[in-house]
$ cat coords24.cif   # mmCIF, C-alpha atoms
data_start
#
loop_
_atom_site.label_atom_id
_atom_site.label_comp_id
_atom_site.auth_asym_id
_atom_site.auth_seq_id
_atom_site.Cartn_x
_atom_site.Cartn_y
_atom_site.Cartn_z
CA MET D 177 12.43 33.88 7.07
CA ALA D 178 10.74 30.51 7.65
CA ALA D 179 10.68 31.11 11.43
CA ARG D 180 9.08 34.53 10.92
CA ARG D 181 6.43 33.09 8.65
CA VAL D 182 5.56 30.41 11.21
CA ALA D 183 5.31 33.04 13.95
CA VAL D 184 3.02 35.26 11.86
CA LEU D 185 0.77 32.36 10.86
CA SER D 186 0.54 31.15 14.46
CA ALA D 187 -0.59 34.63 15.56
CA MET D 188 -3.20 34.67 12.80
CA GLY D 189 -5.05 31.89 14.59
CA MET D 190 -6.48 34.58 16.88
CA LEU D 191 -8.00 36.61 14.02
CA LEU D 192 -11.74 36.77 13.33
CA PRO D 193 -13.01 34.84 10.27
CA SER D 194 -13.66 38.11 8.42
CA GLU D 195 -10.06 39.22 9.09
CA LEU D 196 -8.74 35.87 7.92
CA ARG D 197 -10.69 36.28 4.69
CA GLN D 198 -8.89 39.56 4.05
CA PHE D 199 -5.58 37.72 4.34
CA GLY D 200 -6.95 35.05 2.02
CA ASP D 201 -7.82 37.72 -0.54
CA LEU D 202 -4.19 38.89 -0.49
CA ILE D 203 -2.57 35.50 -1.02
CA LEU D 204 -5.13 34.50 -3.65
CA ARG D 205 -4.88 37.73 -5.63
CA PRO D 206 -2.63 36.13 -8.32
CA PHE D 207 -5.40 33.55 -8.89
CA GLU D 208 -8.31 36.00 -9.18
CA ALA D 209 -8.83 35.31 -12.88
CA VAL D 210 -8.77 31.57 -12.24
CA LEU D 211 -11.27 31.70 -9.39
CA ARG D 212 -13.75 34.20 -10.77
CA ARG D 213 -17.41 33.31 -10.32
CA THR D 214 -19.28 31.86 -13.27
CA THR D 215 -22.21 29.62 -14.07
CA ARG D 216 -21.80 25.95 -14.91
CA GLU D 217 -23.05 26.61 -18.44
CA GLU D 218 -20.45 29.30 -19.00
CA ALA D 219 -17.73 27.18 -17.42
CA LEU D 220 -18.42 24.27 -19.74
CA ALA D 221 -18.95 26.36 -22.89
CA GLY D 222 -16.94 25.19 -25.87
CA GLY D 223 -16.71 21.58 -24.77
CA GLN D 224 -13.06 21.95 -23.79
CA ALA D 225 -13.51 22.02 -20.02
CA ARG D 226 -13.45 19.15 -17.60
CA ASN D 227 -16.89 18.07 -16.49
CA PHE D 228 -17.02 19.30 -12.89
CA ALA D 229 -17.95 22.31 -10.79
CA LEU D 230 -17.42 23.43 -7.22
CA TYR D 231 -20.02 24.67 -4.77
CA GLU D 232 -19.47 27.12 -1.94
CA ARG D 233 -21.81 27.31 1.05
CA GLN D 234 -22.47 30.90 2.02
CA GLY D 235 -24.55 32.64 4.66
CA ASP D 236 -25.19 36.22 5.49
CA ALA D 237 -22.27 38.64 5.42
CA SER D 238 -23.43 39.70 8.87
CA ASP D 239 -22.47 36.26 10.16
CA ASP D 240 -18.82 36.63 9.16
CA ASP D 241 -17.32 36.95 12.59
CA ASP D 242 -18.74 33.72 13.95
CA GLY D 243 -17.70 31.68 10.94
CA SER D 244 -21.24 30.66 10.02
CA SER D 245 -21.09 32.41 6.67
CA SER D 246 -19.42 29.40 5.11
CA TYR D 247 -22.35 27.10 5.71
CA GLY D 248 -25.59 28.61 4.42
CA LYS D 249 -27.05 28.56 0.94
CA GLU D 250 -25.09 27.13 -1.98
CA THR D 251 -23.54 29.26 -4.69
CA GLN D 252 -21.33 28.06 -7.50
CA LEU D 253 -17.66 28.78 -8.01
CA THR D 254 -15.32 27.44 -10.65
CA SER D 255 -11.86 26.12 -9.94
CA SER D 256 -10.04 25.34 -13.15
CA ILE D 257 -12.90 24.03 -15.20
CA ALA D 258 -13.24 26.76 -17.81
CA ASP D 259 -10.97 27.72 -20.68
CA HIS D 260 -10.45 31.17 -19.18
CA SER D 261 -8.76 29.51 -16.19
CA HIS D 262 -6.08 27.87 -18.30
CA GLN D 263 -5.51 31.06 -20.25
CA ALA D 264 -5.10 32.89 -16.93
CA PHE D 265 -2.32 30.51 -15.91
CA ALA D 266 -0.17 31.93 -18.70
CA TRP D 267 0.24 34.97 -16.42
CA ILE D 268 0.92 33.06 -13.20
CA SER D 269 4.53 31.90 -12.98
CA SER D 270 5.42 28.41 -11.78
CA LYS D 271 7.44 30.03 -9.00
CA LYS D 272 4.35 31.88 -7.75
CA GLN D 273 2.29 28.68 -7.84
CA LEU D 274 4.95 26.74 -5.92
CA GLY D 275 5.22 29.60 -3.42
CA TYR D 276 1.47 29.48 -2.80
CA LEU D 277 1.50 25.71 -2.27
CA HIS D 278 4.40 25.93 0.21
CA LEU D 279 2.69 28.78 2.08
CA LEU D 280 -0.54 26.79 2.22
CA GLY D 281 1.34 23.89 3.80
CA ASP D 282 2.53 26.19 6.60
CA MET D 283 -0.96 27.70 6.97
CA ILE D 284 -2.52 24.26 7.44
CA LYS D 285 0.07 23.34 10.08
CA GLN D 286 -0.20 26.58 12.03
CA LEU D 287 -3.87 27.47 11.68
CA GLY D 288 -5.38 23.99 11.82
CA VAL D 289 -9.16 24.17 12.17
CA ASN D 290 -8.99 27.99 12.15
CA ILE D 291 -8.34 27.83 8.41
CA LYS D 292 -11.98 26.87 7.83
CA PRO D 293 -13.27 30.32 6.69
CA LEU D 294 -10.67 30.36 3.90
CA LEU D 295 -10.75 26.73 2.94
CA HIS D 296 -13.12 26.78 -0.01
CA ARG D 297 -11.12 29.30 -2.04
CA LEU D 298 -7.76 27.87 -0.94
CA LEU D 299 -8.89 24.41 -2.02
CA ALA D 300 -10.24 25.74 -5.32
CA ALA D 301 -6.85 27.32 -6.06
CA VAL D 302 -5.06 24.04 -5.30
CA LEU D 303 -7.39 22.19 -7.67
CA ALA D 304 -6.82 24.83 -10.33
CA ILE D 305 -3.05 24.38 -10.07
CA ALA D 306 -3.30 20.58 -10.12
CA ASP D 307 -5.67 20.57 -13.09
CA ASN D 308 -3.60 23.05 -15.09
CA ALA D 309 -0.40 21.08 -14.41
CA GLN D 310 -2.07 17.81 -15.45
CA ARG D 311 -3.40 19.33 -18.66
CA ARG D 312 -0.04 20.86 -19.57
CA ILE D 313 1.72 17.53 -18.91
CA GLU D 314 -0.77 15.78 -21.19
CA GLU D 315 -0.27 18.44 -23.88
CA LEU D 316 3.54 18.23 -23.67
CA SER D 317 3.43 14.43 -23.79
CA ALA D 318 1.21 14.53 -26.88
CA ALA D 319 3.42 17.17 -28.50
CA SER D 320 6.56 15.15 -27.71
CA HIS D 321 5.00 12.06 -29.29
CA ASP D 322 4.01 14.05 -32.39
CA SER D 323 7.43 15.72 -32.68
CA LYS D 324 9.23 12.37 -32.50
CA ALA D 325 7.02 11.00 -35.25
CA THR D 326 7.68 14.12 -37.33
CA ALA D 327 11.42 13.91 -36.67
CA THR D 328 11.45 10.32 -37.90
CA ILE D 329 9.73 11.35 -41.14
CA GLU D 330 12.00 14.38 -41.58
CA GLY D 331 15.05 12.25 -40.82
CA ASP D 332 14.08 9.82 -43.60
CA ARG D 333 13.66 12.72 -45.99
CA GLU D 334 17.06 14.19 -45.08
CA SER D 335 18.76 10.88 -45.75
CA GLU D 336 17.43 11.09 -49.29
CA TYR D 337 18.03 14.83 -49.79
CA GLU D 338 21.17 15.74 -47.84
CA ASP D 339 21.33 19.46 -48.49
CA GLY D 340 20.53 20.98 -45.07
CA ASP D 341 22.83 22.85 -42.73
CA GLY D 342 23.09 19.97 -40.26
CA ASN D 343 21.47 21.84 -37.35
CA SER D 344 18.10 20.09 -37.34
CA ASP D 345 19.14 17.43 -34.82
CA LYS D 346 20.55 20.07 -32.47
CA ASP D 347 17.43 22.22 -32.69
CA ALA D 348 15.20 19.23 -32.07
CA MET D 349 17.31 18.24 -29.05
CA GLU D 350 17.09 21.75 -27.57
CA ILE D 351 13.32 21.79 -27.99
CA GLU D 352 13.04 18.35 -26.40
CA ASN D 353 15.23 19.44 -23.44
CA GLU D 354 13.06 22.54 -22.87
CA ALA D 355 9.92 20.41 -22.93
CA TYR D 356 11.55 17.97 -20.48
CA GLN D 357 12.39 20.80 -18.07
CA ASP D 358 8.88 22.24 -18.34
CA LYS D 359 7.39 18.84 -17.66
CA ASN D 360 9.55 18.41 -14.55
CA VAL D 361 8.32 21.73 -13.15
CA LEU D 362 4.72 20.76 -13.92
CA ARG D 363 5.19 17.40 -12.21
CA SER D 364 6.52 19.20 -9.13
CA LEU D 365 3.45 21.45 -9.13
CA ARG D 366 1.12 18.49 -9.51
CA GLN D 367 2.87 16.52 -6.76
CA LEU D 368 2.80 19.41 -4.30
CA ALA D 369 -0.82 20.27 -5.13
CA VAL D 370 -1.91 16.67 -4.45
CA ARG D 371 0.08 16.70 -1.21
CA ARG D 372 -1.79 19.84 -0.12
CA LEU D 373 -5.09 18.09 -0.93
CA GLY D 374 -4.04 15.30 1.41
CA ASP D 375 -3.20 17.84 4.13
CA ILE D 376 -6.59 19.53 3.72
CA PHE D 377 -8.54 16.28 3.95
CA ALA D 378 -6.44 15.18 6.91
CA LEU D 379 -7.84 18.18 8.84
CA HIS D 380 -11.30 16.52 8.67
CA LEU D 381 -12.94 19.79 9.67
CA PRO D 382 -16.30 19.40 11.43
CA GLY D 383 -19.06 20.99 9.39
CA PHE D 384 -17.00 21.48 6.25
CA VAL D 385 -18.60 19.66 3.31
CA TYR D 386 -15.84 17.92 1.35
CA THR D 387 -18.01 15.86 -0.97
CA PRO D 388 -18.62 18.53 -3.68
CA TYR D 389 -14.88 18.56 -4.39
CA ILE D 390 -14.42 14.83 -4.98
CA GLU D 391 -15.70 14.57 -8.56
CA CYS D 392 -13.45 17.46 -9.40
CA ILE D 393 -10.42 15.83 -7.72
CA TYR D 394 -11.02 12.62 -9.64
CA GLU D 395 -11.33 14.50 -12.94
CA CYS D 396 -8.04 16.36 -12.63
CA VAL D 397 -5.93 14.29 -10.21
CA VAL D 398 -6.98 10.67 -9.71
CA SER D 399 -8.50 9.33 -12.93
CA PRO D 400 -5.73 10.54 -15.29
CA ARG D 401 -3.17 8.54 -13.26
CA ILE D 402 -5.11 5.63 -11.81
CA ASP D 403 -3.94 3.20 -14.54
CA MET D 404 -0.32 3.91 -13.58
CA LEU D 405 -0.81 3.49 -9.83
CA ASP D 406 0.95 0.11 -9.70
CA VAL D 407 3.87 1.50 -11.73
CA GLU D 408 4.43 4.92 -10.13
CA ASN D 409 4.31 3.70 -6.53
CA THR D 410 6.55 0.65 -6.38
CA GLN D 411 9.70 2.33 -4.98
CA ALA D 412 8.04 4.93 -2.76
CA PRO D 413 4.52 6.18 -2.04
CA SER D 414 3.45 9.00 -4.36
CA SER D 415 1.43 12.02 -3.27
CA LEU D 416 -1.59 10.42 -4.95
CA LEU D 417 -1.25 7.25 -2.89
CA GLY D 418 -0.93 9.48 0.17
CA LEU D 419 -4.24 11.18 -0.68
CA LEU D 420 -6.01 7.84 -1.16
CA HIS D 421 -4.59 6.69 2.18
CA VAL D 422 -5.98 9.81 3.91
CA TRP D 423 -9.40 9.00 2.46
CA SER D 424 -9.26 5.64 4.21
CA SER D 425 -8.60 7.31 7.58
CA TYR D 426 -12.21 8.38 8.25
CA PRO D 427 -15.40 6.37 7.65
CA ASP D 428 -17.20 9.25 5.95
CA TYR D 429 -14.37 9.45 3.39
CA LEU D 430 -14.62 5.77 2.33
CA PRO D 431 -17.16 6.45 -0.45
CA TYR D 432 -14.51 8.67 -2.07
CA LEU D 433 -12.52 5.51 -2.78
CA THR D 434 -15.37 3.55 -4.34
CA GLU D 435 -18.02 5.75 -5.92
CA TYR D 436 -16.11 7.89 -8.42
CA ASN D 437 -13.87 5.44 -10.26
CA GLN D 438 -14.40 1.69 -10.10
CA MET D 439 -10.70 1.03 -10.69
CA THR D 440 -9.42 2.86 -7.60
CA ILE D 441 -9.56 -0.07 -5.17
CA PRO D 442 -8.48 -2.75 -7.72
CA MET D 443 -5.44 -0.69 -8.74
CA LEU D 444 -4.51 -0.20 -5.09
CA ILE D 445 -4.74 -3.94 -4.51
CA ARG D 446 -2.57 -4.68 -7.53
CA LEU D 447 0.24 -2.73 -5.87
CA LEU D 448 0.58 -5.64 -3.45
CA SER D 449 1.97 -7.88 -6.19
CA ALA D 450 3.86 -5.23 -8.18
CA PRO D 451 7.51 -6.15 -8.90
CA LYS D 452 9.97 -4.88 -6.27
CA VAL D 453 7.27 -2.96 -4.42
CA HIS D 454 8.53 -1.17 -1.30
CA SER D 455 7.33 -2.34 2.12
CA LYS D 456 6.09 1.19 2.93
CA VAL D 457 3.79 1.06 -0.10
CA ILE D 458 2.44 -2.36 0.93
CA SER D 459 1.79 -1.03 4.44
CA LEU D 460 -0.25 1.92 3.12
CA VAL D 461 -2.33 -0.31 0.84
CA LEU D 462 -3.04 -2.74 3.68
CA ASP D 463 -4.12 0.21 5.83
CA VAL D 464 -6.69 1.13 3.17
CA ILE D 465 -8.02 -2.43 2.98
CA GLU D 466 -8.14 -2.71 6.77
CA ALA D 467 -10.18 0.50 6.93
CA PHE D 468 -12.92 -1.26 4.95
CA VAL D 469 -12.64 -4.53 6.85
CA ARG D 470 -12.74 -3.01 10.34
CA VAL D 471 -14.96 0.03 9.80
CA GLU D 472 -17.73 -1.37 11.97
CA ASP D 473 -15.39 -2.30 14.84
CA VAL D 474 -13.11 0.74 15.14
CA ALA D 475 -15.31 3.63 14.06
CA ALA D 476 -18.36 4.36 16.17
CA GLU D 477 -19.25 7.26 13.87
CA ALA D 478 -19.70 4.99 10.84
CA THR D 479 -23.26 5.14 9.55
CA PRO D 480 -25.14 1.97 8.52
CA GLU D 481 -24.77 3.09 4.90
CA ILE D 482 -20.97 3.35 5.26
CA VAL D 483 -20.78 -0.06 6.96
CA ALA D 484 -22.84 -1.62 4.16
CA LEU D 485 -20.62 0.04 1.55
CA ALA D 486 -17.47 -1.27 3.24
CA LYS D 487 -18.80 -4.83 3.41
CA SER D 488 -19.96 -4.86 -0.20
CA THR D 489 -16.59 -3.44 -1.32
CA ILE D 490 -14.65 -6.17 0.46
CA ARG D 491 -16.93 -8.88 -0.94
CA ALA D 492 -16.51 -7.54 -4.47
CA GLN D 493 -12.72 -7.21 -4.14
CA THR D 494 -12.01 -10.54 -2.46
CA PRO D 495 -11.00 -12.29 -5.74
CA GLU D 496 -8.64 -9.39 -6.54
CA LEU D 497 -7.15 -9.60 -3.06
CA LEU D 498 -6.59 -13.35 -3.26
CA ALA D 499 -4.96 -12.96 -6.68
CA ASN D 500 -2.50 -10.31 -5.48
CA ILE D 501 -1.53 -11.40 -1.96
CA ASN D 502 1.68 -13.40 -2.15
#
$ encode --input "coords24.cif" --output "structure tokens"
Amino acid sequence: MAARRVAVLSAMGMLLPSELRQFGDLILRPFEAVLRRTTREEALAGGQARNFALYERQGDASDDDDGSSSYGKETQLTSSIADHSHQAFAWISSKKQLGYLHLLGDMIKQLGVNIKPLLHRLLAAVLAIADNAQRRIEELSAASHDSKATATIEGDRESEYEDGDGNSDKDAMEIENEAYQDKNVLRSLRQLAVRRLGDIFALHLPGFVYTPYIECIYECVVSPRIDMLDVENTQAPSSLLGLLHVWSSYPDYLPYLTEYNQMTIPMLIRLLSAPKVHSKVISLVLDVIEAFVRVEDVAAEATPEIVALAKSTIRAQTPELLANIN
């Protein structure tokens, strides 16, 4: 089955952009409710949504076959920012989400730059999955904390009034086990979604504007976990560290590491002195730092603005580096 899928995807590289979009419509059909068009005001109504939006560049429908339709005027498209998106995920099974993320991995490998006409909607779906998984993990963690507190109170009460049927501990354990299993599935979804983000950015497609997605990625992927970076990555690089490493691979990506969360670079540096940190993790972090140090020497395409940003970042982070290099 895997060999057939690879063969089909390889052949799809010869399709016209308009034909590729038809295929994209098929694989994204389960996510239609999540990706429906809306205004920013509607998306943020109720105050429960994350504070970001995505923009899609569109041209004339008549330009479809030459691929130029992706790079004209801007229109707005939500990913997972509105409440309706999270409600829609109640009808999309975890298995279907995982299947999409695995298929996308094969599509990126086989189609390469030819995936460009589909990339906006594919990327929006990945962000929707990552954001929904992160939110559900946060909700389950909060619920688990509340249930443990409640169980402690109820346990104290039962010690004073011992007239129950003795099943409360068992019921509580079953509920906790179910929540644990759910959280494991959600973590797998989040991990794979972040890995796909890394794959997409590693394509570094000419003409594709990545910047509008970065605020959104920070909101749902990076910022919720940045404080744990030096804890979650000591034994092996996480998918998040892999994404940050990809962002250091191209000069035009370097602002993604500095301009959206001031703790990104300091938390990366602190990995260097984390207890029992793996050598592979240290190597990735040093790669990121080297990208800033050598941007002017190794990257002819670096703009003066990027070079200035890299130099100011290194100057600002020198005390942190000296404190964490053993």
$ residues_around --input "coords24.cif" --residues "Pro451 in chain D" --least-positions-apart "4" --cutoff "12 Å" --atoms "only C-alpha atoms" --output "ChimeraX atom specification"
/D:406-411,446-447,455,457-458,500,502
$ residues_around --input "coords24.cif" --residues "range 377-381 of chain D" --least-positions-apart "4" --cutoff "7 Å" --atoms "all atoms listed in the file" --output "ChimeraX atom specification"
/D:288-289,373,422
$ write_last_selection --input "coords24.cif" --atoms "C-alpha atoms" --output "PDB file, keeping the file's coordinate frame"
ATOM      1  CA  GLY D 288      -5.380  23.990  11.820  1.00  0.00           C
ATOM      2  CA  VAL D 289      -9.160  24.170  12.170  1.00  0.00           C
ATOM      3  CA  LEU D 373      -5.090  18.090  -0.930  1.00  0.00           C
ATOM      4  CA  VAL D 422      -5.980   9.810   3.910  1.00  0.00           C
TER       5      VAL D 422
END
$ resolve_selection --input "coords24.cif" --expression "the PyMOL selection byres ((chain D and resi 430) around 10)" --output "PyMOL selection string"
chain D and resi 420+422-429+431-435+464+467-468+471+478+482-483+485-486
$ closest_residue --input "coords24.cif" --among "D:Lys487, D:Lys272, D:Lys285, D:Arg401" --to "Ser186 in chain D" --atoms "only C-alpha atoms"
D:Lys285
$ closest_residue --input "coords24.cif" --among "D:Met188, D:Leu419, D:Ile490, D:Ala412" --to "His454 in chain D" --atoms "only C-alpha atoms"
D:Ala412
$ residues_around --input "coords24.cif" --residues "range 361-372 of chain D" --least-positions-apart "4" --cutoff "9 Å" --atoms "only C-alpha atoms" --output "list in words"
Ser270, Gln273, Leu274, Leu277, His278, Leu280, Gly281, Ile284, Leu299, Val302, Leu303, Ile305, Ala306, Asp307, Asn308, Ala309, Gln310, Arg312, Ile313, Tyr356, Gln357, Ile376, Phe377, Val397, Ser414, Ser415, Leu416, Gly418 and Leu419 of chain D
$ write_last_selection --input "coords24.cif" --atoms "C-alpha atoms" --output "PDB file, keeping the file's coordinate frame"
ATOM      1  CA  SER D 270       5.420  28.410 -11.780  1.00  0.00           C
ATOM      2  CA  GLN D 273       2.290  28.680  -7.840  1.00  0.00           C
ATOM      3  CA  LEU D 274       4.950  26.740  -5.920  1.00  0.00           C
ATOM      4  CA  LEU D 277       1.500  25.710  -2.270  1.00  0.00           C
ATOM      5  CA  HIS D 278       4.400  25.930   0.210  1.00  0.00           C
ATOM      6  CA  LEU D 280      -0.540  26.790   2.220  1.00  0.00           C
ATOM      7  CA  GLY D 281       1.340  23.890   3.800  1.00  0.00           C
ATOM      8  CA  ILE D 284      -2.520  24.260   7.440  1.00  0.00           C
ATOM      9  CA  LEU D 299      -8.890  24.410  -2.020  1.00  0.00           C
ATOM     10  CA  VAL D 302      -5.060  24.040  -5.300  1.00  0.00           C
ATOM     11  CA  LEU D 303      -7.390  22.190  -7.670  1.00  0.00           C
ATOM     12  CA  ILE D 305      -3.050  24.380 -10.070  1.00  0.00           C
ATOM     13  CA  ALA D 306      -3.300  20.580 -10.120  1.00  0.00           C
ATOM     14  CA  ASP D 307      -5.670  20.570 -13.090  1.00  0.00           C
ATOM     15  CA  ASN D 308      -3.600  23.050 -15.090  1.00  0.00           C
ATOM     16  CA  ALA D 309      -0.400  21.080 -14.410  1.00  0.00           C
ATOM     17  CA  GLN D 310      -2.070  17.810 -15.450  1.00  0.00           C
ATOM     18  CA  ARG D 312      -0.040  20.860 -19.570  1.00  0.00           C
ATOM     19  CA  ILE D 313       1.720  17.530 -18.910  1.00  0.00           C
ATOM     20  CA  TYR D 356      11.550  17.970 -20.480  1.00  0.00           C
ATOM     21  CA  GLN D 357      12.390  20.800 -18.070  1.00  0.00           C
ATOM     22  CA  ILE D 376      -6.590  19.530   3.720  1.00  0.00           C
ATOM     23  CA  PHE D 377      -8.540  16.280   3.950  1.00  0.00           C
ATOM     24  CA  VAL D 397      -5.930  14.290 -10.210  1.00  0.00           C
ATOM     25  CA  SER D 414       3.450   9.000  -4.360  1.00  0.00           C
ATOM     26  CA  SER D 415       1.430  12.020  -3.270  1.00  0.00           C
ATOM     27  CA  LEU D 416      -1.590  10.420  -4.950  1.00  0.00           C
ATOM     28  CA  GLY D 418      -0.930   9.480   0.170  1.00  0.00           C
ATOM     29  CA  LEU D 419      -4.240  11.180  -0.680  1.00  0.00           C
TER      30      LEU D 419
END
